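Coordinates as given in coords.txt (compact mmCIF, N, CA and C atoms):
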# COMPACT_ATOMS: atom_id res chain seq x y z
N MET A 1 133.35 89.86 -15.21
CA MET A 1 131.96 89.43 -15.23
C MET A 1 131.62 88.87 -16.61
N ILE A 2 130.76 87.88 -16.64
CA ILE A 2 130.36 87.24 -17.89
C ILE A 2 129.09 87.91 -18.40
N ASN A 3 129.05 88.15 -19.72
CA ASN A 3 127.85 88.71 -20.31
C ASN A 3 127.31 87.77 -21.39
N LYS A 4 126.17 88.13 -21.96
CA LYS A 4 125.52 87.25 -22.93
C LYS A 4 126.38 86.99 -24.16
N GLY A 5 127.17 87.94 -24.57
CA GLY A 5 128.03 87.76 -25.73
C GLY A 5 129.03 86.63 -25.55
N ASP A 6 129.41 86.37 -24.31
CA ASP A 6 130.37 85.31 -24.01
C ASP A 6 129.80 83.91 -24.26
N THR A 7 128.49 83.81 -24.29
CA THR A 7 127.88 82.49 -24.44
C THR A 7 127.77 82.04 -25.90
N ARG A 8 128.18 82.87 -26.83
CA ARG A 8 128.10 82.51 -28.26
C ARG A 8 128.85 81.21 -28.56
N ASP A 9 130.02 81.05 -27.96
CA ASP A 9 130.80 79.84 -28.18
C ASP A 9 130.06 78.61 -27.67
N VAL A 10 129.41 78.75 -26.54
CA VAL A 10 128.63 77.64 -25.97
C VAL A 10 127.47 77.30 -26.91
N VAL A 11 126.78 78.30 -27.39
CA VAL A 11 125.67 78.09 -28.31
C VAL A 11 126.16 77.39 -29.58
N ASP A 12 127.32 77.81 -30.09
CA ASP A 12 127.90 77.15 -31.27
C ASP A 12 128.18 75.67 -31.00
N LYS A 13 128.70 75.38 -29.82
CA LYS A 13 128.99 73.98 -29.46
C LYS A 13 127.70 73.17 -29.35
N LEU A 14 126.67 73.76 -28.77
CA LEU A 14 125.39 73.06 -28.65
C LEU A 14 124.78 72.83 -30.03
N ASN A 15 124.86 73.83 -30.89
CA ASN A 15 124.31 73.69 -32.23
C ASN A 15 125.10 72.70 -33.08
N SER A 16 126.38 72.52 -32.78
CA SER A 16 127.20 71.60 -33.57
C SER A 16 127.09 70.15 -33.09
N TYR A 17 126.39 69.93 -31.99
CA TYR A 17 126.29 68.59 -31.41
C TYR A 17 125.69 67.59 -32.40
N ALA A 18 124.62 67.94 -33.06
CA ALA A 18 123.98 67.03 -34.03
C ALA A 18 124.92 66.76 -35.20
N LEU A 19 125.62 67.77 -35.63
CA LEU A 19 126.58 67.60 -36.72
C LEU A 19 127.71 66.67 -36.30
N MET A 20 128.11 66.75 -35.04
CA MET A 20 129.16 65.85 -34.53
C MET A 20 128.74 64.40 -34.68
N GLN A 21 127.48 64.11 -34.35
CA GLN A 21 127.00 62.74 -34.46
C GLN A 21 127.03 62.28 -35.92
N LYS A 22 126.65 63.13 -36.84
CA LYS A 22 126.71 62.78 -38.26
C LYS A 22 128.15 62.55 -38.70
N ASN A 23 129.06 63.39 -38.22
CA ASN A 23 130.48 63.22 -38.55
C ASN A 23 131.03 61.91 -37.98
N ILE A 24 130.59 61.55 -36.79
CA ILE A 24 131.03 60.29 -36.19
C ILE A 24 130.60 59.12 -37.07
N GLU A 25 129.36 59.14 -37.51
CA GLU A 25 128.86 58.07 -38.38
C GLU A 25 129.62 58.04 -39.70
N TYR A 26 129.90 59.21 -40.26
CA TYR A 26 130.65 59.30 -41.52
C TYR A 26 132.06 58.72 -41.36
N VAL A 27 132.74 59.08 -40.29
CA VAL A 27 134.11 58.60 -40.05
C VAL A 27 134.10 57.08 -39.84
N LYS A 28 133.09 56.57 -39.13
CA LYS A 28 132.99 55.12 -38.95
C LYS A 28 132.85 54.40 -40.29
N LYS A 29 132.04 54.96 -41.19
CA LYS A 29 131.88 54.36 -42.52
C LYS A 29 133.19 54.40 -43.30
N LYS A 30 133.90 55.52 -43.20
CA LYS A 30 135.20 55.64 -43.88
C LYS A 30 136.19 54.60 -43.35
N ILE A 31 136.19 54.38 -42.06
CA ILE A 31 137.08 53.38 -41.46
C ILE A 31 136.75 52.00 -42.01
N LYS A 32 135.48 51.67 -42.10
CA LYS A 32 135.07 50.38 -42.64
C LYS A 32 135.51 50.23 -44.10
N MET A 33 135.41 51.31 -44.87
CA MET A 33 135.84 51.27 -46.27
C MET A 33 137.34 51.02 -46.37
N VAL A 34 138.11 51.70 -45.54
CA VAL A 34 139.56 51.53 -45.54
C VAL A 34 139.91 50.10 -45.13
N GLU A 35 139.25 49.59 -44.09
CA GLU A 35 139.51 48.22 -43.65
C GLU A 35 139.16 47.21 -44.74
N SER A 36 138.08 47.45 -45.46
CA SER A 36 137.69 46.56 -46.55
C SER A 36 138.74 46.57 -47.66
N GLU A 37 139.20 47.77 -48.00
CA GLU A 37 140.23 47.89 -49.04
C GLU A 37 141.53 47.23 -48.60
N LEU A 38 141.88 47.39 -47.34
CA LEU A 38 143.08 46.75 -46.81
C LEU A 38 143.00 45.23 -46.92
N SER A 39 141.86 44.69 -46.57
CA SER A 39 141.73 43.23 -46.63
C SER A 39 141.79 42.73 -48.08
N LYS A 40 141.24 43.49 -49.01
CA LYS A 40 141.32 43.10 -50.42
C LYS A 40 142.76 43.11 -50.92
N ILE A 41 143.51 44.14 -50.55
CA ILE A 41 144.91 44.24 -50.98
C ILE A 41 145.73 43.11 -50.37
N ARG A 42 145.50 42.82 -49.09
CA ARG A 42 146.26 41.76 -48.43
C ARG A 42 145.97 40.41 -49.07
N VAL A 43 144.73 40.16 -49.44
CA VAL A 43 144.37 38.90 -50.09
C VAL A 43 145.03 38.82 -51.46
N SER A 44 144.95 39.92 -52.24
CA SER A 44 145.55 39.90 -53.58
C SER A 44 147.07 39.82 -53.49
N THR A 45 147.67 40.46 -52.50
CA THR A 45 149.12 40.39 -52.32
C THR A 45 149.54 38.96 -52.01
N PHE A 46 148.79 38.31 -51.17
CA PHE A 46 149.09 36.93 -50.81
C PHE A 46 148.95 36.02 -52.03
N GLU A 47 147.89 36.23 -52.81
CA GLU A 47 147.64 35.37 -53.96
C GLU A 47 148.63 35.63 -55.10
N GLU A 48 148.93 36.90 -55.35
CA GLU A 48 149.76 37.26 -56.51
C GLU A 48 151.23 37.40 -56.18
N ASN A 49 151.53 37.56 -54.90
CA ASN A 49 152.90 37.71 -54.44
C ASN A 49 153.59 38.92 -55.08
N ARG A 50 152.84 40.04 -55.26
CA ARG A 50 153.41 41.29 -55.78
C ARG A 50 153.41 42.30 -54.63
N GLY A 51 154.45 42.30 -53.84
CA GLY A 51 154.46 43.08 -52.62
C GLY A 51 154.79 44.55 -52.74
N GLU A 52 155.67 44.98 -53.65
CA GLU A 52 156.19 46.35 -53.66
C GLU A 52 155.09 47.41 -53.78
N ALA A 53 154.32 47.36 -54.84
CA ALA A 53 153.28 48.38 -55.05
C ALA A 53 152.21 48.30 -53.98
N ASN A 54 151.86 47.10 -53.60
CA ASN A 54 150.82 46.93 -52.59
C ASN A 54 151.28 47.34 -51.20
N ASN A 55 152.57 47.15 -50.90
CA ASN A 55 153.08 47.58 -49.59
C ASN A 55 152.92 49.08 -49.40
N TYR A 56 153.20 49.84 -50.46
CA TYR A 56 153.04 51.29 -50.41
C TYR A 56 151.56 51.64 -50.18
N ARG A 57 150.69 50.98 -50.90
CA ARG A 57 149.24 51.22 -50.77
C ARG A 57 148.75 50.84 -49.37
N ILE A 58 149.23 49.73 -48.86
CA ILE A 58 148.85 49.31 -47.51
C ILE A 58 149.30 50.34 -46.48
N GLU A 59 150.52 50.84 -46.65
CA GLU A 59 151.04 51.86 -45.74
C GLU A 59 150.18 53.12 -45.76
N LYS A 60 149.80 53.55 -46.95
CA LYS A 60 148.94 54.74 -47.09
C LYS A 60 147.59 54.51 -46.43
N LEU A 61 147.02 53.34 -46.65
CA LEU A 61 145.72 53.03 -46.05
C LEU A 61 145.81 52.94 -44.53
N LEU A 62 146.88 52.38 -44.03
CA LEU A 62 147.05 52.31 -42.57
C LEU A 62 147.21 53.70 -41.97
N ASP A 63 147.92 54.59 -42.67
CA ASP A 63 148.03 55.98 -42.22
C ASP A 63 146.66 56.66 -42.19
N GLU A 64 145.89 56.43 -43.25
CA GLU A 64 144.55 57.02 -43.33
C GLU A 64 143.66 56.48 -42.21
N LYS A 65 143.77 55.19 -41.94
CA LYS A 65 142.97 54.57 -40.88
C LYS A 65 143.33 55.17 -39.52
N THR A 66 144.61 55.38 -39.29
CA THR A 66 145.05 55.99 -38.03
C THR A 66 144.49 57.40 -37.89
N LYS A 67 144.56 58.18 -38.96
CA LYS A 67 144.01 59.54 -38.92
C LYS A 67 142.51 59.53 -38.65
N LEU A 68 141.81 58.59 -39.29
CA LEU A 68 140.36 58.49 -39.09
C LEU A 68 140.04 58.10 -37.65
N PHE A 69 140.80 57.17 -37.08
CA PHE A 69 140.58 56.78 -35.68
C PHE A 69 140.83 57.96 -34.75
N ASN A 70 141.86 58.74 -35.03
CA ASN A 70 142.14 59.91 -34.20
C ASN A 70 141.01 60.93 -34.29
N LYS A 71 140.50 61.13 -35.51
CA LYS A 71 139.39 62.07 -35.70
C LYS A 71 138.15 61.55 -34.98
N LEU A 72 137.88 60.26 -35.09
CA LEU A 72 136.73 59.65 -34.43
C LEU A 72 136.83 59.83 -32.91
N ASN A 73 137.98 59.55 -32.35
CA ASN A 73 138.16 59.72 -30.90
C ASN A 73 137.99 61.17 -30.47
N ASP A 74 138.51 62.09 -31.28
CA ASP A 74 138.37 63.52 -30.98
C ASP A 74 136.89 63.93 -30.98
N LEU A 75 136.15 63.49 -31.99
CA LEU A 75 134.72 63.82 -32.06
C LEU A 75 133.96 63.22 -30.88
N LYS A 76 134.27 61.99 -30.53
CA LYS A 76 133.60 61.34 -29.41
C LYS A 76 133.89 62.05 -28.09
N LEU A 77 135.14 62.49 -27.92
CA LEU A 77 135.50 63.22 -26.69
C LEU A 77 134.76 64.55 -26.60
N LYS A 78 134.71 65.28 -27.73
CA LYS A 78 133.99 66.56 -27.73
C LYS A 78 132.52 66.36 -27.40
N LYS A 79 131.93 65.35 -28.02
CA LYS A 79 130.51 65.05 -27.79
C LYS A 79 130.28 64.67 -26.33
N LYS A 80 131.15 63.83 -25.79
CA LYS A 80 131.03 63.39 -24.40
C LYS A 80 131.17 64.58 -23.45
N PHE A 81 132.11 65.47 -23.75
CA PHE A 81 132.34 66.63 -22.90
C PHE A 81 131.11 67.54 -22.87
N ILE A 82 130.47 67.72 -24.02
CA ILE A 82 129.26 68.54 -24.08
C ILE A 82 128.15 67.88 -23.26
N MET A 83 128.00 66.55 -23.40
CA MET A 83 126.95 65.87 -22.64
C MET A 83 127.23 65.91 -21.13
N GLU A 84 128.48 65.80 -20.74
CA GLU A 84 128.81 65.91 -19.32
C GLU A 84 128.45 67.29 -18.79
N ALA A 85 128.71 68.30 -19.60
CA ALA A 85 128.37 69.67 -19.19
C ALA A 85 126.85 69.81 -19.04
N ILE A 86 126.12 69.29 -20.01
CA ILE A 86 124.65 69.38 -19.95
C ILE A 86 124.12 68.60 -18.76
N ASN A 87 124.69 67.45 -18.50
CA ASN A 87 124.24 66.64 -17.37
C ASN A 87 124.56 67.28 -16.02
N SER A 88 125.47 68.24 -16.00
CA SER A 88 125.80 68.92 -14.75
C SER A 88 124.75 69.98 -14.38
N LEU A 89 123.86 70.27 -15.32
CA LEU A 89 122.82 71.27 -15.07
C LEU A 89 121.70 70.70 -14.21
N GLU A 90 120.92 71.60 -13.63
CA GLU A 90 119.71 71.17 -12.93
C GLU A 90 118.74 70.60 -13.96
N VAL A 91 117.81 69.78 -13.50
CA VAL A 91 116.91 69.06 -14.41
C VAL A 91 116.17 70.00 -15.35
N ILE A 92 115.57 71.05 -14.84
CA ILE A 92 114.79 71.95 -15.69
C ILE A 92 115.69 72.65 -16.71
N GLU A 93 116.89 73.03 -16.29
CA GLU A 93 117.84 73.67 -17.22
C GLU A 93 118.24 72.70 -18.32
N ARG A 94 118.54 71.47 -17.92
CA ARG A 94 118.94 70.45 -18.89
C ARG A 94 117.82 70.20 -19.90
N GLU A 95 116.59 70.07 -19.41
CA GLU A 95 115.46 69.82 -20.30
C GLU A 95 115.28 70.96 -21.30
N ILE A 96 115.41 72.19 -20.83
CA ILE A 96 115.23 73.34 -21.71
C ILE A 96 116.35 73.42 -22.74
N ILE A 97 117.58 73.17 -22.33
CA ILE A 97 118.70 73.18 -23.28
C ILE A 97 118.51 72.10 -24.34
N ILE A 98 118.13 70.90 -23.92
CA ILE A 98 117.93 69.80 -24.87
C ILE A 98 116.76 70.12 -25.81
N ASP A 99 115.67 70.61 -25.24
CA ASP A 99 114.52 70.95 -26.08
C ASP A 99 114.86 72.04 -27.09
N PHE A 100 115.56 73.05 -26.63
CA PHE A 100 115.83 74.20 -27.50
C PHE A 100 116.91 73.92 -28.54
N TYR A 101 118.03 73.34 -28.12
CA TYR A 101 119.16 73.19 -29.02
C TYR A 101 119.20 71.85 -29.77
N PHE A 102 118.69 70.80 -29.18
CA PHE A 102 118.77 69.49 -29.83
C PHE A 102 117.46 69.14 -30.53
N LYS A 103 116.34 69.41 -29.87
CA LYS A 103 115.05 69.11 -30.48
C LYS A 103 114.54 70.28 -31.33
N LYS A 104 115.20 71.43 -31.19
CA LYS A 104 114.87 72.64 -31.96
C LYS A 104 113.46 73.16 -31.69
N TYR A 105 113.00 73.00 -30.44
CA TYR A 105 111.71 73.56 -30.06
C TYR A 105 111.85 75.06 -29.85
N SER A 106 110.80 75.78 -30.12
CA SER A 106 110.80 77.22 -29.87
C SER A 106 110.57 77.47 -28.38
N VAL A 107 110.86 78.68 -27.96
CA VAL A 107 110.63 79.06 -26.57
C VAL A 107 109.14 78.95 -26.26
N LEU A 108 108.31 79.32 -27.22
CA LEU A 108 106.86 79.24 -27.03
C LEU A 108 106.42 77.79 -26.78
N LYS A 109 106.93 76.87 -27.58
CA LYS A 109 106.56 75.47 -27.41
C LYS A 109 107.06 74.92 -26.08
N ILE A 110 108.30 75.27 -25.72
CA ILE A 110 108.85 74.81 -24.43
C ILE A 110 108.02 75.37 -23.28
N SER A 111 107.67 76.64 -23.37
CA SER A 111 106.90 77.26 -22.28
C SER A 111 105.52 76.62 -22.14
N SER A 112 104.91 76.28 -23.25
CA SER A 112 103.60 75.64 -23.16
C SER A 112 103.73 74.20 -22.65
N ASN A 113 104.80 73.49 -23.03
CA ASN A 113 105.02 72.12 -22.54
C ASN A 113 105.30 72.10 -21.04
N LYS A 114 106.03 73.09 -20.56
CA LYS A 114 106.45 73.12 -19.16
C LYS A 114 105.50 73.92 -18.27
N ASN A 115 104.55 74.60 -18.88
CA ASN A 115 103.62 75.47 -18.15
C ASN A 115 104.34 76.60 -17.40
N TYR A 116 105.33 77.17 -18.06
CA TYR A 116 106.03 78.35 -17.56
C TYR A 116 105.90 79.45 -18.59
N SER A 117 106.13 80.68 -18.15
CA SER A 117 106.07 81.79 -19.11
C SER A 117 107.30 81.75 -20.02
N GLU A 118 107.15 82.36 -21.19
CA GLU A 118 108.29 82.43 -22.12
C GLU A 118 109.46 83.16 -21.47
N ARG A 119 109.14 84.20 -20.73
CA ARG A 119 110.18 84.99 -20.06
C ARG A 119 110.98 84.11 -19.08
N TYR A 120 110.29 83.26 -18.34
CA TYR A 120 110.95 82.37 -17.38
C TYR A 120 111.81 81.34 -18.11
N ILE A 121 111.32 80.82 -19.22
CA ILE A 121 112.09 79.85 -20.02
C ILE A 121 113.37 80.51 -20.53
N ARG A 122 113.25 81.75 -21.01
CA ARG A 122 114.44 82.46 -21.49
C ARG A 122 115.45 82.69 -20.36
N LYS A 123 114.93 83.01 -19.19
CA LYS A 123 115.80 83.25 -18.03
C LYS A 123 116.54 81.96 -17.65
N ILE A 124 115.82 80.85 -17.61
CA ILE A 124 116.45 79.57 -17.27
C ILE A 124 117.49 79.20 -18.33
N ARG A 125 117.14 79.40 -19.60
CA ARG A 125 118.09 79.08 -20.67
C ARG A 125 119.35 79.94 -20.56
N ALA A 126 119.18 81.22 -20.30
CA ALA A 126 120.33 82.12 -20.15
C ALA A 126 121.22 81.69 -18.98
N ASN A 127 120.60 81.35 -17.87
CA ASN A 127 121.38 80.88 -16.70
C ASN A 127 122.09 79.57 -17.01
N ALA A 128 121.42 78.68 -17.73
CA ALA A 128 122.03 77.40 -18.10
C ALA A 128 123.22 77.63 -19.03
N LEU A 129 123.08 78.55 -19.96
CA LEU A 129 124.19 78.85 -20.87
C LEU A 129 125.39 79.40 -20.12
N LEU A 130 125.14 80.22 -19.11
CA LEU A 130 126.24 80.75 -18.30
C LEU A 130 126.93 79.62 -17.53
N LYS A 131 126.15 78.69 -17.01
CA LYS A 131 126.74 77.54 -16.32
C LYS A 131 127.55 76.68 -17.30
N LEU A 132 127.01 76.49 -18.48
CA LEU A 132 127.73 75.71 -19.49
C LEU A 132 129.02 76.40 -19.91
N LEU A 133 128.97 77.72 -19.97
CA LEU A 133 130.17 78.49 -20.30
C LEU A 133 131.26 78.22 -19.26
N MET A 134 130.89 78.21 -18.00
CA MET A 134 131.87 77.96 -16.95
C MET A 134 132.41 76.53 -17.06
N TYR A 135 131.56 75.60 -17.42
CA TYR A 135 131.96 74.19 -17.50
C TYR A 135 132.80 73.92 -18.75
N LEU A 136 132.39 74.47 -19.86
CA LEU A 136 133.05 74.15 -21.13
C LEU A 136 134.31 74.97 -21.41
N ASN A 137 134.49 76.07 -20.71
CA ASN A 137 135.69 76.89 -20.97
C ASN A 137 136.70 76.83 -19.88

File written out as structure tokens:
Amino acid sequence: MINKGDTRDVVDKLNSYALMQKNIEYVKKKIKMVESELSKIRVSTFEENRGEANNYRIEKLLDEKTKLFNKLNDLKLKKKFIMEAINSLEVIEREIIIDFYFKKYSVLKISSNKNYSERYIRKIRANALLKLLMYLN
């Protein structure tokens, strides 16, 4: 049987969602920086015809670019998987999860927005977390 303690991992994933988006943007910027540096080295290599030192640098930059692309794809997959899980919920559950974990609304604010009691909002959130646990694990 699943208990509330089991949902901690799901809560951590939901709380990390916003950070994932920031990390995605950061990795994209890093990729652009690496690509810019690569193009500068290739231009200078062509102009100066000094290949040895630059070939090593190009190789290192290409390795870094590959690692960054892998990290970017991993982050995007994790983010997509979380959104698929959330989208599998019933509408009211999805709205409450998004309001609580992404918009950072309190239970009181959600209950007043939805015209439900705080107790009912907590119950829906708990049920949604259990469903997410089944989906995400």

**OP:** Identify the residues within 6.5 Å of coordinate (130.1, 73.7, -21.7) (same frame as the file), considering all atoms listed in the file, and give the answer as a list in words.
**Re:**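 I get Val10, Phe81, Ile82, Ala85, Ile86, Lys131, Leu132, Leu133, Met134, Tyr135, Leu136 and Asn137 of chain A for the residues within 6.5 Å of that point.
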
**OP:** Just give me the gap between atom N of A:Val34 and atom CA of A:Asn73 in Å, one decimal is fine.
**Re:**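 Interatomic distance here is 16.7 Å.
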
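Atom pair atom CA of A:Asp9 / atom CA of A:Asn127: separated by 14.9 Å.
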
Subject >> Length of the atom CA of A:Lys103 to atom CA of A:Leu68 vector [Å] >> reply: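 That distance, rounded to one decimal, is 28.8 Å.
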
Original post:
Nearest to A:Lys65 among A:Lys78, A:Ile41, A:Glu93, A:Lys30, with distances taken over only C-alpha atoms: which residue is it?
Top reply: A:Lys30

**OP:** List the neighbours of stretch 13-29 of chain A out to 6.5 Å using all atoms listed in the file; skip same-chain residues closer than 5 positions along the sequence, and give me the result as a ChimeraX atom specification.
**Re:** /A:8,34,68,72,75,101-102

Original post:
as a ChimeraX atom specification, which residues of chain A does DSSP assign to alpha helix (DSSP H)?
Top reply: /A:8-48,51-87,91-97,107-114,118-136

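With only N, CA and C atoms as the basis for measurement, A:Ile124 is the residue among A:Ile58, A:Val11, A:Leu130, A:Ile124 that approaches A:Arg94 most closely.
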
Please define a box with edges along x, y and z of the file around all atoms of stretch 122-134 of chain A given in the file, extend it by 8 Å on each side, and return its centre and edge lengths in Å to one decimal, as AutoDock Vina command-line options.
--center_x 122.8 --center_y 79.5 --center_z -18.9 --size_x 35.2 --size_y 23.5 --size_z 21.2
